[in-house]
>>> print(open('coords24.txt').read())   # compact mmCIF, C-alpha atoms
# COMPACT_ATOMS: atom_id res chain seq x y z
CA MET A 130 20.81 -7.80 -25.99
CA ASN A 131 22.56 -5.51 -23.54
CA PHE A 132 20.94 -5.72 -20.13
CA GLY A 133 23.55 -3.67 -18.27
CA ILE A 134 22.06 -1.45 -15.57
CA LYS A 135 22.76 2.23 -16.03
CA THR A 136 20.57 3.61 -13.26
CA LYS A 137 20.79 4.56 -9.61
CA HIS A 138 20.03 0.89 -8.86
CA HIS A 139 23.26 -0.28 -10.48
CA GLY A 140 25.05 -0.88 -7.22
CA GLU A 141 22.16 -2.70 -5.61
CA PHE A 142 21.49 -5.21 -8.38
CA GLY A 143 25.05 -5.62 -9.60
CA LYS A 144 26.56 -5.48 -13.06
CA PHE A 145 24.41 -6.97 -15.81
CA LYS A 146 21.71 -7.95 -13.34
CA MET A 147 18.04 -7.21 -13.67
CA ILE A 148 14.51 -8.17 -12.68
CA LEU A 149 12.63 -10.81 -14.65
CA LEU A 150 8.87 -10.39 -14.76
CA THR A 151 6.66 -13.26 -15.92
CA GLY A 152 3.12 -12.49 -17.03
CA GLY A 153 3.97 -8.95 -18.08
CA THR A 154 1.14 -8.75 -20.61
CA GLY A 155 -1.61 -9.00 -17.98
CA LEU A 156 -3.33 -6.12 -16.20
CA LEU A 157 -1.09 -6.18 -13.14
CA GLY A 158 2.01 -6.95 -15.19
CA GLY A 159 1.42 -4.00 -17.49
CA ARG A 160 0.93 -1.61 -14.59
CA LEU A 161 4.01 -2.96 -12.82
CA ILE A 162 6.09 -2.48 -15.97
CA GLU A 163 4.99 1.15 -16.13
CA SER A 164 6.22 1.70 -12.58
CA LEU A 165 9.53 -0.10 -13.19
CA GLU A 166 10.17 2.12 -16.22
CA LYS A 167 9.35 5.29 -14.26
CA LYS A 168 11.80 4.24 -11.57
CA ASN A 169 14.50 3.36 -14.14
CA ILE A 170 14.75 -0.19 -12.82
CA ASP A 171 16.15 -2.55 -15.43
CA PHE A 172 13.86 -5.46 -16.22
CA LEU A 173 12.92 -8.07 -18.79
CA THR A 174 9.41 -9.46 -19.15
CA VAL A 175 8.70 -12.85 -20.67
CA THR A 176 5.42 -13.88 -22.24
CA SER A 177 3.95 -16.86 -24.08
CA ASN A 178 2.10 -14.47 -26.39
CA LYS A 179 4.05 -14.90 -29.64
CA LYS A 180 1.92 -12.36 -31.44
CA LEU A 181 2.75 -9.68 -28.89
CA VAL A 182 6.45 -10.46 -29.08
CA SER A 183 6.50 -10.39 -32.88
CA ASN A 184 4.73 -7.01 -32.91
CA THR A 185 6.90 -5.30 -30.33
CA ALA A 186 10.25 -7.07 -30.13
CA SER A 187 11.88 -4.89 -32.78
CA GLN A 188 11.02 -1.75 -30.83
CA ASN A 189 11.38 -3.02 -27.27
CA ASN A 190 14.17 -5.39 -26.26
CA LYS A 191 12.63 -5.76 -22.81
CA ILE A 192 10.14 -8.34 -24.10
CA SER A 193 11.06 -11.93 -24.83
CA PHE A 194 9.18 -15.13 -25.58
CA LEU A 195 9.12 -17.94 -23.04
CA ASP A 196 6.35 -20.49 -22.69
CA LEU A 197 6.48 -21.62 -19.07
CA SER A 198 4.36 -24.67 -19.89
CA LEU A 199 7.04 -26.11 -22.20
CA PRO A 200 10.40 -27.73 -21.31
CA PHE A 201 13.07 -25.07 -20.91
CA GLU A 202 15.65 -27.13 -22.79
CA ASP A 203 13.60 -26.56 -25.94
CA GLN A 204 13.70 -22.76 -25.57
CA ASP A 205 16.29 -20.00 -25.50
CA ILE A 206 16.80 -19.02 -21.86
CA SER A 207 20.30 -17.58 -22.14
CA TYR A 208 19.11 -14.28 -20.68
CA LEU A 209 18.44 -15.93 -17.30
CA ARG A 210 22.10 -15.45 -16.41
CA GLU A 211 21.38 -11.72 -16.29
CA VAL A 212 18.61 -12.09 -13.65
CA ASN A 213 18.87 -11.78 -9.89
CA GLN A 214 15.25 -11.03 -8.97
CA ILE A 215 12.08 -12.63 -10.31
CA ILE A 216 8.46 -11.54 -10.02
CA HIS A 217 6.30 -14.53 -10.93
CA LEU A 218 2.93 -13.20 -12.08
CA ALA A 219 2.24 -15.66 -14.87
CA SER A 220 -0.80 -17.87 -14.35
CA LEU A 221 -4.04 -18.78 -16.00
CA ASN A 222 -7.06 -16.85 -14.76
CA TYR A 223 -9.83 -18.42 -12.66
CA GLN A 224 -11.90 -19.70 -15.58
CA GLN A 225 -8.92 -20.87 -17.63
CA SER A 226 -7.44 -22.71 -14.63
CA ASN A 227 -10.62 -24.67 -14.09
CA GLU A 228 -10.98 -25.48 -17.79
CA ASN A 229 -7.35 -26.49 -18.42
CA LYS A 230 -5.98 -27.90 -15.18
CA GLU A 231 -2.80 -29.35 -16.63
CA ARG A 232 -1.68 -26.17 -18.38
CA ALA A 233 -2.54 -24.12 -15.28
CA ARG A 234 -0.20 -26.29 -13.24
CA LYS A 235 2.60 -26.20 -15.82
CA VAL A 236 2.54 -22.40 -16.13
CA LYS A 237 2.35 -21.55 -12.43
CA ILE A 238 4.22 -24.41 -10.75
CA LEU A 239 6.52 -26.17 -13.21
CA GLY A 240 7.44 -22.90 -14.90
CA MET A 241 8.35 -21.43 -11.52
CA LYS A 242 10.50 -24.43 -10.59
CA ASN A 243 12.39 -24.25 -13.88
CA LEU A 244 13.00 -20.52 -13.49
CA ILE A 245 14.44 -20.92 -10.00
CA GLN A 246 16.59 -23.93 -10.83
CA ASN A 247 18.05 -22.24 -13.90
CA CYS A 248 18.70 -18.94 -12.12
CA LEU A 249 20.18 -20.27 -8.87
CA LYS A 250 23.49 -21.06 -10.56
CA TYR A 251 23.73 -17.39 -11.49
CA LYS A 252 23.20 -16.21 -7.89
CA LEU A 253 19.48 -15.49 -7.98
CA LYS A 254 18.80 -13.15 -5.06
CA LYS A 255 15.05 -12.90 -4.62
CA PHE A 256 11.87 -14.59 -5.85
CA ILE A 257 8.49 -12.88 -5.44
CA ASN A 258 5.55 -15.14 -6.17
CA ILE A 259 2.15 -13.54 -6.75
CA SER A 260 -0.52 -15.72 -5.18
CA THR A 261 -4.18 -15.26 -4.24
CA ALA A 262 -6.33 -14.97 -1.11
CA HIS A 263 -8.50 -17.69 -2.67
CA VAL A 264 -6.13 -20.21 -1.03
CA TYR A 265 -7.95 -19.63 2.28
CA GLY A 266 -11.08 -21.19 0.83
CA THR A 267 -14.73 -20.27 1.36
CA GLY A 268 -17.07 -19.98 4.33
CA LEU A 269 -14.61 -17.74 6.15
CA GLU A 270 -15.35 -15.89 9.38
CA GLY A 271 -13.61 -13.20 11.41
CA GLU A 272 -10.04 -11.98 10.82
CA ILE A 273 -8.12 -13.96 8.21
CA ASP A 274 -4.40 -13.43 8.70
CA GLU A 275 -1.46 -15.27 7.16
CA SER A 276 -1.50 -17.94 9.89
CA HIS A 277 -5.06 -18.96 9.02
CA PHE A 278 -5.44 -22.48 7.65
CA THR A 279 -5.76 -22.88 3.88
CA PHE A 280 -8.50 -24.90 2.22
CA PRO A 281 -8.61 -24.11 -1.51
CA LYS A 282 -11.69 -25.27 -3.38
CA SER A 283 -11.17 -24.32 -7.06
CA ASN A 284 -8.36 -25.56 -9.28
CA TYR A 285 -7.22 -21.92 -9.54
CA SER A 286 -6.66 -21.68 -5.79
CA LYS A 287 -5.22 -25.19 -5.52
CA VAL A 288 -2.59 -24.42 -8.17
CA HIS A 289 -1.58 -21.21 -6.39
CA LEU A 290 -1.25 -22.91 -3.01
CA GLU A 291 0.82 -25.72 -4.53
CA ALA A 292 3.05 -23.08 -6.12
CA GLU A 293 3.56 -21.47 -2.71
CA LYS A 294 4.51 -24.78 -1.11
CA SER A 295 6.81 -25.71 -4.00
CA LEU A 296 8.62 -22.39 -3.66
CA GLU A 297 9.20 -23.02 0.04
CA LYS A 298 10.65 -26.47 -0.69
CA ILE A 299 13.05 -25.55 -3.49
CA ALA A 300 14.25 -22.17 -2.21
CA GLU A 301 17.79 -22.46 -0.91
CA SER A 302 19.00 -20.77 2.26
CA ASP A 303 20.57 -17.88 0.34
CA LEU A 304 17.43 -17.21 -1.73
CA GLU A 305 14.90 -14.76 -0.35
CA PHE A 306 11.37 -15.68 -1.36
CA PHE A 307 7.91 -14.25 -0.74
CA ASN A 308 4.35 -15.31 -1.45
CA LEU A 309 2.01 -12.33 -1.80
CA ARG A 310 -1.67 -13.29 -1.49
CA LEU A 311 -3.74 -10.75 -3.37
CA THR A 312 -7.42 -9.99 -2.98
CA ASN A 313 -9.55 -8.48 -5.79
CA GLY A 314 -7.48 -5.92 -7.69
CA ILE A 315 -9.43 -3.01 -9.20
CA GLY A 316 -7.73 -1.06 -11.95
CA TRP A 317 -7.25 -0.06 -15.55
CA PRO A 318 -5.11 -1.96 -18.06
CA VAL A 319 -2.31 -0.29 -19.98
CA LYS A 320 -3.66 -1.68 -23.27
CA LYS A 321 -7.13 -2.39 -24.58
CA GLU A 322 -6.04 -5.86 -25.73
CA THR A 323 -5.16 -6.96 -22.17
CA ASN A 324 -7.06 -10.07 -21.13
CA CYS A 325 -8.87 -8.47 -18.19
CA TRP A 326 -12.41 -7.73 -19.33
CA SER A 327 -13.97 -10.62 -17.41
CA LEU A 328 -12.91 -9.00 -14.12
CA ILE A 329 -15.90 -7.51 -12.35
CA ALA A 330 -14.93 -3.82 -12.41
CA ASN A 331 -13.64 -3.94 -15.98
CA ASP A 332 -16.72 -5.81 -17.17
CA LEU A 333 -19.13 -3.38 -15.47
CA CYS A 334 -17.33 -0.27 -16.72
CA LYS A 335 -17.24 -1.63 -20.25
CA GLU A 336 -20.93 -2.58 -20.09
CA LEU A 337 -22.12 0.86 -19.03
CA ILE A 338 -20.37 2.47 -22.02
CA PHE A 339 -22.65 0.50 -24.34
CA SER A 340 -25.89 0.39 -22.38
CA GLU A 341 -25.61 2.92 -19.54
CA THR A 342 -26.59 -0.01 -17.33
CA ILE A 343 -24.76 -2.05 -14.73
CA SER A 344 -26.24 -5.53 -14.38
CA LEU A 345 -25.07 -8.24 -12.02
CA ASN A 346 -26.15 -11.85 -11.70
CA SER A 347 -24.64 -12.30 -8.23
CA GLN A 348 -26.48 -11.50 -5.01
CA LYS A 349 -26.10 -7.85 -4.11
CA ASN A 350 -25.10 -8.43 -0.48
CA ILE A 351 -22.13 -10.65 -1.36
CA SER A 352 -18.96 -8.91 -0.18
CA ARG A 353 -15.45 -8.78 -1.57
CA ASP A 354 -12.14 -7.29 -0.50
CA PHE A 355 -11.38 -4.81 -3.28
CA ILE A 356 -7.93 -3.24 -3.49
CA PRO A 357 -6.63 -0.70 -6.04
CA VAL A 358 -4.08 -2.12 -8.48
CA ASN A 359 -1.86 0.83 -7.63
CA SER A 360 -1.68 -0.41 -4.02
CA ILE A 361 -0.72 -3.89 -5.23
CA VAL A 362 2.02 -2.40 -7.43
CA ASN A 363 3.34 -0.33 -4.50
CA SER A 364 3.51 -3.46 -2.35
CA ILE A 365 5.43 -5.44 -4.97
CA LEU A 366 7.82 -2.56 -5.57
CA TRP A 367 8.58 -2.42 -1.85
CA PHE A 368 9.80 -6.02 -1.91
CA ILE A 369 11.90 -5.28 -5.00
CA GLU A 370 13.57 -2.13 -3.77
CA ASN A 371 14.14 -2.83 -0.09
CA ASP A 372 16.48 -5.03 1.90
CA THR A 373 14.26 -7.95 2.85
CA SER A 374 16.99 -10.21 4.23
CA THR A 375 15.93 -9.60 7.84
CA LEU A 376 12.25 -10.49 7.32
CA ASN A 377 11.26 -13.65 9.17
CA GLU A 378 8.02 -14.09 7.26
CA SER A 379 7.48 -15.16 3.66
CA VAL A 380 3.68 -14.93 3.31
CA PHE A 381 1.86 -11.58 3.14
CA ASN A 382 -1.76 -10.69 2.50
CA VAL A 383 -2.07 -7.76 0.10
CA SER A 384 -5.57 -6.55 0.89
CA SER A 385 -7.64 -3.55 1.96
CA ALA A 386 -8.78 -5.36 5.12
CA LYS A 387 -12.40 -4.39 4.50
CA GLN A 388 -15.37 -5.98 2.80
CA THR A 389 -17.51 -4.10 0.26
CA SER A 390 -20.87 -5.45 -0.88
CA LEU A 391 -21.46 -5.82 -4.61
CA GLU A 392 -24.35 -3.39 -4.23
CA ASP A 393 -22.10 -0.70 -2.76
CA PHE A 394 -19.43 -1.43 -5.34
CA ALA A 395 -21.86 -1.16 -8.27
CA ASN A 396 -23.23 2.09 -6.86
CA LEU A 397 -19.70 3.46 -6.54
CA ILE A 398 -19.08 2.78 -10.25
CA LYS A 399 -22.45 4.39 -11.03
CA GLU A 400 -21.53 7.52 -9.04
CA ARG A 401 -18.09 7.82 -10.63
CA ALA A 402 -19.56 7.38 -14.15
CA GLU A 403 -22.01 10.19 -13.50
CA ILE A 404 -19.17 12.45 -12.36
CA VAL A 405 -16.45 11.47 -14.84
CA LEU A 406 -18.49 10.67 -17.96
CA ASN A 407 -21.67 12.61 -17.22
CA LYS A 408 -23.68 9.43 -17.76
CA LYS A 409 -26.90 8.47 -16.03
CA VAL A 410 -26.40 4.82 -15.15
CA LYS A 411 -28.92 2.25 -13.91
CA VAL A 412 -27.90 -0.56 -11.56
CA LYS A 413 -29.74 -3.85 -11.98
CA PHE A 414 -29.42 -7.02 -9.89
CA ASN A 415 -30.83 -10.08 -11.63
CA ASN A 416 -30.54 -12.33 -8.56
CA LEU A 417 -32.79 -10.98 -5.79
CA SER A 418 -32.02 -13.69 -3.24
CA LEU A 419 -29.73 -12.82 -0.33
CA SER A 420 -26.78 -14.81 1.02
CA GLN A 421 -26.12 -15.42 4.70
CA ASP A 422 -22.33 -15.18 4.73
CA LYS A 423 -20.65 -14.52 8.06
CA PRO A 424 -18.56 -11.32 8.30
CA PHE A 425 -14.83 -11.68 7.73
CA PHE A 426 -11.86 -9.67 6.47
CA PHE A 427 -8.35 -10.36 5.20
CA SER A 428 -5.89 -8.79 7.61
CA ASN A 429 -3.24 -6.51 6.07
CA LYS A 430 -1.41 -5.73 9.32
CA LYS A 431 1.80 -7.40 8.21
CA ILE A 432 2.03 -5.50 4.92
CA LEU A 433 1.26 -2.19 6.64
CA ASN A 434 3.85 -2.86 9.34
CA LEU A 435 6.50 -2.87 6.61
CA GLY A 436 5.79 0.84 6.12
CA ILE A 437 4.29 0.53 2.66
CA ASN A 438 2.37 3.68 1.81
CA ASN A 439 -0.95 2.52 0.37
CA ASP A 440 -4.18 4.36 -0.34
CA PHE A 441 -7.05 1.88 -0.46
CA GLY A 442 -9.56 4.26 -2.08
CA LEU A 443 -10.96 2.90 -5.34
CA GLU A 444 -12.13 6.14 -6.92
CA ASP A 445 -8.98 7.01 -8.90
CA GLU A 446 -8.70 3.54 -10.39
CA ILE A 447 -12.36 3.45 -11.33
CA ASP A 448 -12.20 6.95 -12.84
CA SER A 449 -9.24 6.02 -15.04
CA LEU A 450 -10.88 2.74 -16.01
CA LEU A 451 -14.07 4.55 -17.03
CA ILE A 452 -12.15 7.10 -19.11
CA LYS A 453 -10.24 4.36 -20.92
CA CYS A 454 -13.42 2.36 -21.55
CA SER A 455 -15.08 5.46 -22.96
CA LYS A 456 -12.16 5.91 -25.33
CA TRP A 457 -11.78 2.26 -26.33
CA PHE A 458 -15.42 1.12 -26.55
CA LYS A 459 -17.36 3.99 -28.03
>>> encode(input="coords24.txt", output="C-alpha cells")
Amino acid sequence: MNFGIKTKHHGEFGKFKMILLTGGTGLLGGRLIESLEKKNIDFLTVTSNKKLVSNTASQNNKISFLDLSLPFEDQDISYLREVNQIIHLASLNYQQSNENKERARKVKILGMKNLIQNCLKYKLKKFINISTAHVYGTGLEGEIDESHFTFPKSNYSKVHLEAEKSLEKIAESDLEFFNLRLTNGIGWPVKKETNCWSLIANDLCKELIFSETISLNSQKNISRDFIPVNSIVNSILWFIENDTSTLNESVFNVSSAKQTSLEDFANLIKERAEIVLNKKVKVKFNNLSLSQDKPFFFSNKKILNLGINNDFGLEDEIDSLLIKCSKWFK
C-alpha cells in the first residue's frame, strides 16, 4: 500500500507519513473520516470489524484490520511505520464497557499503549486520545473545568480515565499528547449500519419514524450537555492541523458549556421533525418523578481560547439525522 502524501499537507507531515485513526467505523469516526477526505489529509483507519474490512478493502486501501484487544505480535502492523499522528477513538460504548470489563480495558488502554510503543521508534509526533466527561463522576455542581477532581463511577468512565493517566505516563518528552473529554455528541452517522442507535438522539429520531412518538423513561428535568458532532470534529481537526508544541495543557473539555433538559431536547426534536419531515410528533415521558440535581456545566473556555470556530446549535445535526432516519427506516 502506498501511503505517500500528495497534498498540501505533505511538508507538514513528512514523506510517507499519515494519520492513524482507530475506531473509524463509529459515528464520530465516520464523520471525522469525511472531514479528513475533504481536506485531502492522508489517513489510515483501523478497525476490529472483519466484515467491514472484507467488504471494503478491495475498494478502499485506507481501511485495515487491527484488533486492539489482541497482542500486536500476532497481527500485521507494518503500516505503523508510516504514522506520525494518532487519533485514538476506539473504545467500547457505555453498555458494552460495563458488560465486558476486560475487553473494554484491552481496547482502550492496552491497545493505546501498544500503538504508542510501536510508533515511537518511527518518530510518532502526536497522540490525540478521545476521552469522556464521565470521568468527572456524578453529583456535580457549579463550573466543571479541566482542573476539577475526577471520580468515575461506571466501568466506562474508569477505563477512559485510566487511559488518560496511562498516556501521560508513557508519552515521551518529544511526543505531544492530548486528552479530549467529550460531552454528549449529537449527530448523524455516515452509514446506517453504524453502531449508534442506542444514543439518545439517534434512538428518538428513529423511533418517531415508526410511531410518530418520542417516549423517554428518564425524568424530564434531567439535564445533559449536548454538543453537535460537527463541533467535536472541528475541535479534533484543530489539534491535527495546528502547531500544538507550545501548549502547556494536555486535557481539554469539548462541550457546549450549557445544560439542556431532556424535556427541552425532546421538544426540539419534535419541532424539527414537524418542520423537516412534516410529521406531527407526540412527546411522552414515562417517568413522572423529578430529580433534584444541582446546576452545573462543563466549562469549554480552554477549547474556545484556542480559536476553534464552533457553532453549538443542534438544529442542523438533528435535521440531517431525521432525514437519514426517514430514508433508512421507512
>>> residues_around(input="coords24.txt", residues="segment 341-350 of chain A", least_positions_apart="4", cutoff="9 Å", atoms="only C-alpha atoms", output="PyMOL selection string")
chain A and resi 333-334+336-337+389-393+395+398-399+408-422
>>> atom_distance(input="coords24.txt", atom1="atom CA of Phe280 of chain A", atom2="atom CA of Ile361 of chain A")
23.6 Å
>>> closest_residue(input="coords24.txt", among="A:Ala262, A:Leu304, A:Lys459, A:Phe368", to="Val383 of chain A", atoms="only C-alpha atoms")
A:Ala262
>>> residues_around(input="coords24.txt", residues="segment 288-302 of chain A", least_positions_apart="4", cutoff="8 Å", atoms="only C-alpha atoms", output="MDAnalysis selection string")
chainID A and resid 233:234 237:238 241:242 245 258 260:261 264 281 284 306 308
>>> residues_near_point(input="coords24.txt", point="(-7.8, -21.3, -13.6)", cutoff="12 Å", atoms="only C-alpha atoms", output="ChimeraX atom specification")
/A:219-237,261,263,282-289
>>> closest_residue(input="coords24.txt", among="A:Ser207, A:Ser198, A:Asn178, A:Ser374", to="Asp303 of chain A", atoms="all atoms listed in the file")
A:Ser374
>>> closest_residue(input="coords24.txt", among="A:Ser385, A:Asn434, A:Thr373, A:Thr154", to="Pro357 of chain A", atoms="all atoms listed in the file")
A:Ser385
>>> residues_near_point(input="coords24.txt", point="(8.3, -14.1, 4.5)", cutoff="8 Å", atoms="only C-alpha atoms", output="list of chain:residue names")
A:Phe306, A:Phe307, A:Asn308, A:Leu376, A:Asn377, A:Glu378, A:Ser379, A:Val380, A:Phe381
>>> decode(input="coords24.txt", residues="segment 387-423 of chain A", atoms="C-alpha atoms", output="PDB file, in the first residue's frame")
ATOM      1  CA  LYS A 387     -24.674  24.597  28.808  1.00  0.00           C
ATOM      2  CA  GLN A 388     -27.189  22.146  30.189  1.00  0.00           C
ATOM      3  CA  THR A 389     -30.357  21.189  28.298  1.00  0.00           C
ATOM      4  CA  SER A 390     -33.180  19.299  29.990  1.00  0.00           C
ATOM      5  CA  LEU A 391     -34.410  16.103  28.368  1.00  0.00           C
ATOM      6  CA  GLU A 392     -37.811  17.746  28.067  1.00  0.00           C
ATOM      7  CA  ASP A 393     -36.401  20.662  26.074  1.00  0.00           C
ATOM      8  CA  PHE A 394     -34.283  18.301  23.996  1.00  0.00           C
ATOM      9  CA  ALA A 395     -37.230  16.040  23.147  1.00  0.00           C
ATOM     10  CA  ASN A 396     -39.320  19.067  22.221  1.00  0.00           C
ATOM     11  CA  LEU A 397     -36.528  20.330  19.962  1.00  0.00           C
ATOM     12  CA  ILE A 398     -36.542  17.014  18.067  1.00  0.00           C
ATOM     13  CA  LYS A 399     -40.341  17.217  17.877  1.00  0.00           C
ATOM     14  CA  GLU A 400     -40.181  20.745  16.428  1.00  0.00           C
ATOM     15  CA  ARG A 401     -37.516  19.838  13.873  1.00  0.00           C
ATOM     16  CA  ALA A 402     -39.464  16.721  12.784  1.00  0.00           C
ATOM     17  CA  GLU A 403     -42.546  18.830  12.183  1.00  0.00           C
ATOM     18  CA  ILE A 404     -40.512  21.255  10.054  1.00  0.00           C
ATOM     19  CA  VAL A 405     -38.237  18.818   8.204  1.00  0.00           C
ATOM     20  CA  LEU A 406     -40.498  15.770   7.831  1.00  0.00           C
ATOM     21  CA  ASN A 407     -43.910  17.386   8.202  1.00  0.00           C
ATOM     22  CA  LYS A 408     -44.728  14.917  10.977  1.00  0.00           C
ATOM     23  CA  LYS A 409     -46.931  15.550  13.978  1.00  0.00           C
ATOM     24  CA  VAL A 410     -44.995  14.040  16.857  1.00  0.00           C
ATOM     25  CA  LYS A 411     -46.100  13.329  20.429  1.00  0.00           C
ATOM     26  CA  VAL A 412     -43.657  13.516  23.344  1.00  0.00           C
ATOM     27  CA  LYS A 413     -44.251  11.087  26.189  1.00  0.00           C
ATOM     28  CA  PHE A 414     -42.380  10.813  29.497  1.00  0.00           C
ATOM     29  CA  ASN A 415     -42.949   7.511  31.249  1.00  0.00           C
ATOM     30  CA  ASN A 416     -41.219   8.575  34.483  1.00  0.00           C
ATOM     31  CA  LEU A 417     -43.126  11.480  36.043  1.00  0.00           C
ATOM     32  CA  SER A 418     -40.905  11.874  39.105  1.00  0.00           C
ATOM     33  CA  LEU A 419     -38.495  14.806  39.201  1.00  0.00           C
ATOM     34  CA  SER A 420     -34.815  14.802  40.157  1.00  0.00           C
ATOM     35  CA  GLN A 421     -33.188  17.368  42.426  1.00  0.00           C
ATOM     36  CA  ASP A 422     -29.818  17.722  40.694  1.00  0.00           C
ATOM     37  CA  LYS A 423     -27.793  20.832  41.433  1.00  0.00           C
TER      38      LYS A 423
END
